>>> print(open('coords-v5.txt').read())   # compact mmCIF, C-alpha atoms
# COMPACT_ATOMS: atom_id res chain seq x y z
CA MET A 1 118.82 116.02 123.95
CA ARG A 2 122.48 115.58 123.09
CA LYS A 3 121.75 112.62 120.81
CA ARG A 4 119.05 114.58 119.03
CA LEU A 5 121.42 117.51 118.47
CA LEU A 6 124.14 115.23 117.11
CA ARG A 7 121.63 113.54 114.77
CA LEU A 8 120.58 116.98 113.53
CA ILE A 9 124.22 117.97 112.94
CA GLY A 10 124.78 114.72 111.03
CA LYS A 11 121.74 115.36 108.83
CA VAL A 12 122.86 118.92 108.09
CA LEU A 13 126.38 117.77 107.17
CA VAL A 14 125.03 115.16 104.76
CA ILE A 15 122.27 117.31 103.25
CA ILE A 16 124.52 120.31 102.63
CA GLY A 17 127.65 118.32 101.80
CA ILE A 18 126.26 116.31 98.90
CA PRO A 19 125.11 119.26 96.71
CA ILE A 20 128.37 121.10 97.40
CA PHE A 21 130.33 117.99 96.37
CA VAL A 22 128.31 117.72 93.15
CA LEU A 23 128.96 121.38 92.29
CA MET A 24 132.67 121.09 93.01
CA SER A 25 132.97 117.92 90.96
CA TYR A 26 131.32 119.75 88.06
CA GLY A 27 133.96 122.50 88.44
CA VAL A 28 136.77 119.95 88.33
CA TYR A 29 135.16 118.27 85.32
CA PHE A 30 134.90 121.65 83.56
CA ALA A 31 138.56 122.43 84.26
CA ILE A 32 139.76 119.04 83.03
CA THR A 33 137.69 119.03 79.87
CA TYR A 34 138.25 122.70 78.94
CA THR A 35 139.47 122.71 75.33
CA GLY A 36 140.32 126.38 74.93
CA GLU A 37 137.78 127.00 72.15
CA TYR A 38 137.00 130.46 73.41
CA GLY A 39 140.54 131.41 74.31
CA PRO A 40 142.85 130.44 77.13
CA LEU A 41 141.57 130.14 80.66
CA PRO A 42 142.46 133.31 82.60
CA SER A 43 145.39 132.75 84.92
CA GLN A 44 143.44 133.91 87.97
CA TYR A 45 141.30 130.74 87.77
CA TYR A 46 144.26 128.33 87.93
CA GLN A 47 144.63 128.75 91.70
CA ASP A 48 140.89 128.29 92.22
CA ILE A 49 140.84 125.15 90.13
CA ALA A 50 143.91 123.75 91.88
CA ILE A 51 142.31 124.16 95.31
CA LEU A 52 138.98 122.52 94.34
CA PRO A 53 140.19 118.92 94.90
CA LEU A 54 141.31 119.89 98.41
CA PHE A 55 137.85 121.25 99.19
CA MET A 56 136.32 118.13 97.67
CA ILE A 57 138.34 115.97 100.07
CA LEU A 58 137.22 118.14 103.00
CA ASP A 59 133.63 117.87 101.80
CA ILE A 60 133.88 114.07 101.57
CA CYS A 61 135.18 114.08 105.15
CA ALA A 62 132.23 116.23 106.27
CA ILE A 63 129.75 113.90 104.56
CA SER A 64 131.35 110.82 106.12
CA ILE A 65 131.34 112.45 109.59
CA GLY A 66 127.64 113.18 109.11
CA VAL A 67 126.95 109.56 108.16
CA ILE A 68 128.96 108.33 111.16
CA LEU A 69 126.96 110.61 113.48
CA LEU A 70 123.68 109.38 112.00
CA LYS A 71 124.69 105.73 112.41
CA ARG A 72 126.10 106.10 115.92
CA PHE A 73 123.20 108.12 117.33
CA LYS A 74 120.30 106.57 115.44
CA GLU A 75 116.96 106.42 117.18
CA SER A 76 116.47 103.08 118.84
CA ILE A 77 113.10 101.40 119.23
CA PRO A 78 112.28 100.82 122.89
CA PHE A 79 111.03 97.37 123.83
CA LEU A 80 108.68 97.02 126.80
CA ILE A 81 107.68 94.02 128.91
CA LYS A 82 105.48 93.48 131.94
CA ASP A 83 105.75 90.53 134.30
CA GLY A 84 107.31 88.14 131.79
CA GLY A 85 104.59 88.76 129.20
CA PRO A 86 105.09 89.38 125.50
CA ILE A 87 107.57 92.05 124.41
CA HIS A 88 106.01 95.18 122.90
CA SER A 89 107.79 97.62 120.61
CA GLY A 90 106.90 101.29 120.66
CA LYS A 91 107.96 104.88 120.72
CA PRO A 92 107.90 107.58 123.39
CA TRP A 93 104.45 109.14 123.79
CA LYS A 94 104.85 112.91 123.95
CA LYS A 95 101.21 113.99 123.73
CA GLU A 96 100.77 114.05 127.50
CA PRO A 97 102.78 116.01 130.07
CA GLU A 98 103.43 112.84 132.09
CA SER A 99 106.85 111.28 131.57
CA GLY A 100 107.47 107.58 131.04
CA LEU A 101 104.64 106.98 128.57
CA TYR A 102 105.12 104.88 125.43
CA LEU A 103 102.82 104.16 122.50
CA THR A 104 103.28 100.55 121.46
CA SER A 105 103.03 99.38 117.87
CA CYS A 106 99.75 97.65 118.67
CA GLY A 107 98.18 100.92 119.85
CA LEU A 108 98.46 100.67 123.65
CA VAL A 109 99.68 103.61 125.69
CA VAL A 110 101.75 102.07 128.48
CA SER A 111 103.66 103.57 131.38
CA ILE A 112 106.93 102.55 132.95
CA ASN A 113 105.72 104.15 136.18
CA LEU A 114 103.75 102.21 138.76
CA GLU A 115 100.95 104.79 138.75
CA SER A 116 99.67 106.87 135.85
CA ARG A 117 96.86 109.35 135.33
CA VAL A 118 96.76 108.70 131.58
CA THR A 119 96.70 104.92 131.21
CA ALA A 120 95.79 101.82 133.17
CA HIS A 121 98.69 99.87 131.61
CA VAL A 122 101.40 100.56 134.19
CA GLY A 123 104.48 98.77 135.49
CA TYR A 124 106.19 98.07 132.17
CA LYS A 125 109.98 97.85 131.97
CA LEU A 126 112.34 98.87 129.18
CA ILE A 127 114.47 95.94 128.07
CA PRO A 128 117.19 95.39 125.46
CA ALA A 129 115.56 93.11 122.89
CA GLU A 130 116.04 92.24 119.26
CA ARG A 131 112.39 92.19 118.28
CA ALA A 132 108.86 92.23 119.62
CA THR A 133 107.11 88.99 120.62
CA HIS A 134 103.64 90.48 121.05
CA ARG A 135 101.68 89.30 118.02
CA ASP A 136 100.25 92.68 116.90
CA CYS A 137 103.53 94.54 117.47
CA ALA A 138 105.47 91.91 115.51
CA LEU A 139 102.96 92.11 112.64
CA ARG A 140 103.27 95.90 112.50
CA GLU A 141 107.08 95.75 112.57
CA GLY A 142 107.14 93.12 109.83
CA ARG A 143 104.70 95.12 107.72
CA ALA A 144 106.84 98.25 108.10
CA ILE A 145 109.94 96.31 107.03
CA MET A 146 108.12 94.85 104.03
CA ASP A 147 106.75 98.25 103.02
CA SER A 148 110.20 99.85 103.23
CA GLY A 149 111.61 97.38 100.66
CA ALA A 150 111.49 98.60 97.07
CA SER A 151 110.52 95.27 95.57
CA GLY A 152 109.66 91.73 96.50
CA ARG A 153 111.45 88.54 95.66
CA ASP A 154 110.34 88.56 92.01
CA GLY A 155 111.58 92.15 91.47
CA ALA A 156 108.15 93.61 90.70
>>> encode(input="coords-v5.txt", output="structure tokens")
Amino acid sequence: MRKRLLRLIGKVLVIIGIPIFVLMSYGVYFAITYTGEYGPLPSQYYQDIAILPLFMILDICAISIGVILLKRFKESIPFLIKDGGPIHSGKPWKKEPESGLYLTSCGLVVSINLESRVTAHVGYKLIPAERATHRDCALREGRAIMDSGASGRDGA
């Protein structure tokens, strides 16, 4: 729950911080490039313009804190194994009230409990792994990675 809240805070900081930074940079650009065609800039705006770079620095800090939170508390893919078999990748299965259920990339609903009312695939363990070794899970992961890339090797 705490990780989810910190990820949400990070997303909010980044999503709100970027448009604010763009607007403030436009204000600084306007102040720097003001030529005085329509008369001098009123003196009351000098203090506002002078403080804009300070707020821009604070906004950059907020954006970078948001990015740090997103990187530190990113969602990890759980890897599951049973009795030395192939390693499955998956995500928590939240459609049933029973805890400890995971939907693997190959479509199996497995349980880390020894008994389950929902699935017959029980007794799996969560392990720290780099990638899945189950053929269907590895194919799905590779396909997702390939689909997330903007272009192939030839740039098309």
>>> residues_around(input="coords-v5.txt", residues="Val14 (chain A)", least_positions_apart="6", cutoff="9 Å", atoms="all atoms listed in the file", output="VMD selection string")
chain A and resid 62 to 67
>>> atom_distance(input="coords-v5.txt", atom1="CA of Lys3 (chain A)", atom2="CA of Asp136 (chain A)")
29.6 Å
>>> residues_around(input="coords-v5.txt", residues="Ile32 (chain A)", least_positions_apart="5", cutoff="12 Å", atoms="all atoms listed in the file", output="list in words")
Ser25, Tyr26, Gly27, Leu41, Tyr46, Ile49, Ala50, Leu52 and Pro53 of chain A
>>> closest_residue(input="coords-v5.txt", among="A:Val122, A:Leu23, A:Cys61, A:Ile77", to="Val110 (chain A)", atoms="only C-alpha atoms")
A:Val122
>>> atom_distance(input="coords-v5.txt", atom1="CA of Leu6 (chain A)", atom2="CA of Asp59 (chain A)")
18.2 Å
>>> closest_residue(input="coords-v5.txt", among="A:Leu114, A:Leu80, A:Leu108, A:Leu103", to="Glu130 (chain A)", atoms="all atoms listed in the file")
A:Leu80
>>> atom_distance(input="coords-v5.txt", atom1="CA of Ala120 (chain A)", atom2="CA of Ala132 (chain A)")
21.1 Å
